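Engineer: Sharing a structure, written as structure tokens. Questions coming.
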Amino acid sequence: MEVLAYLSIGVLALIGVPIFAVMTLFAAAAFFFADESIMILASEVYKLANAPTLLTIPLFTFAGYLMAESQSPKRLLNLTHAALGWLPGGVAIVSLVICAFFTAFTGASGVTIIALGGLLYPMLLAQNYDEDFTLGLITTSGSLGLLFPPSLPIILYGIVAKVDIDKLFLAGILPGILLILVLSSYSIYKGKNVQTSTFRWSELWEAIKGARFEIPLPIMVIGGIYSGIITPTEASALCAFYVLIMVCFLYRDLNLFKDVPKVTAQSMSLVGAILLILCCALALTNYFVDEEIPSKILEFMQESVTSKYTFLLLLNVFLLAVGAMMDIFSAIIVVVPIILPIATEFGVDPIHLAIIFLTNLEIGYITPPVGINLFISSFRFDKSVLHLYKVAIPYFLLLLIALLIITYIPWLSLLWF
């Protein structure tokens with residue numbers, strides 16, 4: 001009976017039943033066959049609902065969606081192009097930077113690809129970049145900003161792992177820059193024969209004036225958090241309010257009564273999905289903890305692995321597999337409580353572990369078979385998913401190199417502490 005139940009749940013997962021439903025069914029079956037009550041989850045969900053940092057998720061998401069639906073992508077693209085377009089591979093670097101900025105605020109790479117893909121794709125092709133390079137760049141860039149504040153995965157990781165979110169925001173800056181530099185180097189190599197634009201101070205000044213209200217946003221949010229003036233929760237509220245005023249009244253890109261309700265519904269659908277996964281995954285996580293699965297894995301690891309560096313290598317292999325099969329939010333909620341005590345026993349700093357974890361899951365966005373960016377780009381640019389698999393391979397390999405650097409040079413994550 002027990003085997004049949006688990007097989008049935010596995011079949012449901014294979015035919016496309018939503019992940020939150022699969023996790024809930026699996027947890028319910030596990031608790032049932034273990035003769036334990038699933039009501040223990042009520043206290044966990046209550047604790048989760050009372051976490052003040054949970055409010056940052058809907059507020060930052062709302063702000064990001066407002067910007068994506070406005071003319072902000074075009075204004076910021078003009079700004080970065082005026083500042084960086086003269087570099088070899090400049091337009092490609094512009095794409096990386098602007099996508100990283102938007103993903104950091106929306107927390108959803110799909111929004112970035114949909115909002116910016118239509119602008120970046122023809123721009124890169126017009127500069128004579130190869131189509132495969134262009135598709136791979138945009139697909140990869142969709143998740144490039146997940147290590148930068150105020151990224152939703154960072155916030156969610158902090159809530160689940162009970163790690164200071166302010167420290168995680170700081171820790172992700174240098175590794176995030178490294179990822180951009182690695183991909184920028186490849187872009188310069190691919191764009192060495194591509195015609196660059198001429199730098200003009202007048203063009204840059206016009207772009208600065210055009211994006212005059214967007215420019216203070218990261219300074220206000222990130223600077224406010226790190227100066228201690230405001231908390232992350234207050235920063236998210238300030239960000240949402242500022243962006244609403246900016247797009248509705250300063251630029252007048254969106255109508256407060258016609259457009260904002262639609263954007264609110266779209267953004268809250270993502271938030272609802274995150275919270276639904278979060279609550280349902282708690283059941284699975286609690287079962288793993290009750291069954292002492294982390295302790296059993298730790299005992300096995302201690303018998304089989306003696307080196308911290310070998311452990312980190314195996315951890316990366318495991319997390320890459322997780323990223324290829326699970327979405328980032330589910331992975332954070334289910335996997336973090338399992339690996340955190342094991343990594344601590346091997347002497348891995350919790351902050352460093354967070355950056356390793358999130359980098360792996362960021363790469364997971366372009367990892368077959370479930371890398372969500374591959375499917376979104378396939379839909380957005382009307383290309384087969386198999387073709388997207390192929391064009392993403394060079395970027396996947398480059399990100400793996402960056403991952404190894406982040407893993408084995410911990411000061412990149414811990415320099416500020």
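We label chains A, B, ... in the order they appear in the structure tokens, count residues from 1 in each chain, and number ligands from 1 in the order shown.
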Please identify every residue of range 46-115 of chain A that has at least one atom no farther than 12 Å from an atom of range 121-131 of chain A, counting only C-alpha atoms, and for each give the shortest atom pair and the distance in Å to one decimal, arranged by chain then increasing number, as CSV.
Structural biologist:
residue,atom,partner,partner_atom,distance
A:Lys74,CA,A:Met123,CA,11.8
A:Leu77,CA,A:Met123,CA,10.5
A:Asn78,CA,A:Met123,CA,11.4
A:His81,CA,A:Met123,CA,10.5
A:Gly85,CA,A:Gln127,CA,10.7
A:Pro88,CA,A:Gln127,CA,11.4
A:Gly89,CA,A:Tyr129,CA,9.2
A:Gly90,CA,A:Leu124,CA,10.0
A:Val91,CA,A:Leu124,CA,6.6
A:Ala92,CA,A:Leu124,CA,6.9
A:Ile93,CA,A:Leu124,CA,10.5
A:Val94,CA,A:Leu124,CA,10.1
A:Ser95,CA,A:Leu124,CA,8.7
A:Leu96,CA,A:Leu124,CA,11.8
A:Ile113,CA,A:Tyr121,CA,10.0
A:Ile114,CA,A:Tyr121,CA,11.0
A:Ala115,CA,A:Tyr121,CA,11.2
Engineer: With only C-alpha atoms as the atoms that count, which of A:Gly210, A:Gly145, A:Gly272, A:Pro350 lies nearest to Leu79 in chain A?
Structural biologist: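 Between A:Gly210, A:Gly145, A:Gly272, A:Pro350, the residue approaching Leu79 in chain A most closely is A:Gly210.
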Engineer: Identify which of the residues A:Pro368, A:Lys209, A:Asp132, A:Val160 lies closest to Ile338 in chain A, counting only C-alpha atoms when measuring atom-to-atom distances.
Structural biologist: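 So, comparing all the options, the nearest one is A:Val160.
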Engineer: Taking 6 positions as the minimum chain separation for residues in the same chain, which residues sit within 12 Å of Trp411 in chain A when counting only C-alpha atoms? Answer as a PDB file with N, CA and C atoms, in the first residue's frame.
Structural biologist:
ATOM      1  N   ALA A 171      26.794  39.776   1.062  1.00  0.00           N
ATOM      2  CA  ALA A 171      27.606  38.634   0.631  1.00  0.00           C
ATOM      3  C   ALA A 171      27.439  38.344  -0.857  1.00  0.00           C
ATOM      4  N   GLY A 172      26.282  38.646  -1.424  1.00  0.00           N
ATOM      5  CA  GLY A 172      26.040  38.311  -2.821  1.00  0.00           C
ATOM      6  C   GLY A 172      26.605  39.294  -3.820  1.00  0.00           C
ATOM      7  N   ILE A 173      27.088  40.452  -3.357  1.00  0.00           N
ATOM      8  CA  ILE A 173      27.501  41.503  -4.289  1.00  0.00           C
ATOM      9  C   ILE A 173      28.709  41.082  -5.127  1.00  0.00           C
ATOM     10  N   LEU A 174      29.817  40.693  -4.485  1.00  0.00           N
ATOM     11  CA  LEU A 174      31.024  40.327  -5.236  1.00  0.00           C
ATOM     12  C   LEU A 174      30.823  39.076  -6.090  1.00  0.00           C
ATOM     13  N   PRO A 175      30.212  37.999  -5.549  1.00  0.00           N
ATOM     14  CA  PRO A 175      29.942  36.852  -6.433  1.00  0.00           C
ATOM     15  C   PRO A 175      29.045  37.219  -7.613  1.00  0.00           C
ATOM     16  N   ASP A 349      30.898  28.169   6.332  1.00  0.00           N
ATOM     17  CA  ASP A 349      30.206  29.322   6.909  1.00  0.00           C
ATOM     18  C   ASP A 349      28.778  29.413   6.350  1.00  0.00           C
ATOM     19  N   ILE A 351      26.863  31.920   5.707  1.00  0.00           N
ATOM     20  CA  ILE A 351      26.726  32.952   4.677  1.00  0.00           C
ATOM     21  C   ILE A 351      27.314  32.458   3.358  1.00  0.00           C
ATOM     22  N   HIS A 352      28.496  31.838   3.441  1.00  0.00           N
ATOM     23  CA  HIS A 352      29.138  31.289   2.242  1.00  0.00           C
ATOM     24  C   HIS A 352      28.265  30.200   1.633  1.00  0.00           C
ATOM     25  N   ILE A 355      25.450  31.642  -0.520  1.00  0.00           N
ATOM     26  CA  ILE A 355      25.846  32.113  -1.849  1.00  0.00           C
ATOM     27  C   ILE A 355      26.129  30.934  -2.776  1.00  0.00           C
ATOM     28  N   ILE A 405      34.903  29.063  -8.521  1.00  0.00           N
ATOM     29  CA  ILE A 405      35.637  30.174  -7.891  1.00  0.00           C
ATOM     30  C   ILE A 405      34.915  30.634  -6.627  1.00  0.00           C
ATOM     31  N   PHE A 417      32.736  40.710   6.300  1.00  0.00           N
ATOM     32  CA  PHE A 417      32.449  40.299   7.677  1.00  0.00           C
ATOM     33  C   PHE A 417      33.733  39.972   8.442  1.00  0.00           C
TER      34      PHE A 417
END
Engineer: Show me, as a PDB file with N, CA and C atoms, in the first residue's frame, the residues that have an atom within 7 Å of range 258-267 of chain A when counting only C-alpha atoms, minus same-chain residues fewer than 5 positions from it.
Structural biologist:
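The new file out35.pdb reads:
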ATOM      1  N   THR A  61       8.250  42.525  -5.100  1.00  0.00           N
ATOM      2  CA  THR A  61       7.704  41.948  -6.330  1.00  0.00           C
ATOM      3  C   THR A  61       6.788  42.945  -7.029  1.00  0.00           C
ATOM      4  N   PHE A  62       5.939  43.605  -6.265  1.00  0.00           N
ATOM      5  CA  PHE A  62       5.035  44.620  -6.818  1.00  0.00           C
ATOM      6  C   PHE A  62       5.830  45.738  -7.488  1.00  0.00           C
ATOM      7  N   TYR A  65       7.403  44.470 -10.810  1.00  0.00           N
ATOM      8  CA  TYR A  65       6.416  44.318 -11.879  1.00  0.00           C
ATOM      9  C   TYR A  65       5.965  45.673 -12.420  1.00  0.00           C
ATOM     10  N   LEU A  66       5.819  46.660 -11.542  1.00  0.00           N
ATOM     11  CA  LEU A  66       5.463  48.005 -12.006  1.00  0.00           C
ATOM     12  C   LEU A  66       6.522  48.538 -12.968  1.00  0.00           C
TER      13      LEU A  66
END
Engineer: Env of range 223-225 of chain A: 9 Å cut, atoms = only C-alpha atoms, seq-sep filter 6 positions within chain, self excluded. Answer as JSON, numbers by chain.
Structural biologist: {"A": [166, 231, 232, 234, 235]}
Engineer: Residues as selected, C-alpha atoms, written as a CSV table (one decimal), in the first residue's frame, can you do that?
Structural biologist:
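Result written to out07.csv:
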chain,number,residue,atom,x,y,z
A,166,ASP,CA,21.3,42.2,5.5
A,231,THR,CA,15.1,47.8,7.8
A,232,PRO,CA,14.7,45.5,4.7
A,234,GLU,CA,10.8,49.3,5.5
A,235,ALA,CA,13.0,49.4,2.4
Engineer: Between A:Ile229, A:Ala63, A:Ala211, A:Leu404, which has the minimum distance to Thr359 in chain A (counting only C-alpha atoms)?
Structural biologist: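 Checking each candidate against Thr359 in chain A, we get A:Leu404 as the closest.
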Engineer: Counting only C-alpha atoms, figure out which residue out of A:Leu144, A:Leu116, A:Met326, A:Leu238 gets nearest to Phe396 in chain A.
Structural biologist: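 Selected residue with least distance to Phe396 in chain A: A:Leu144.
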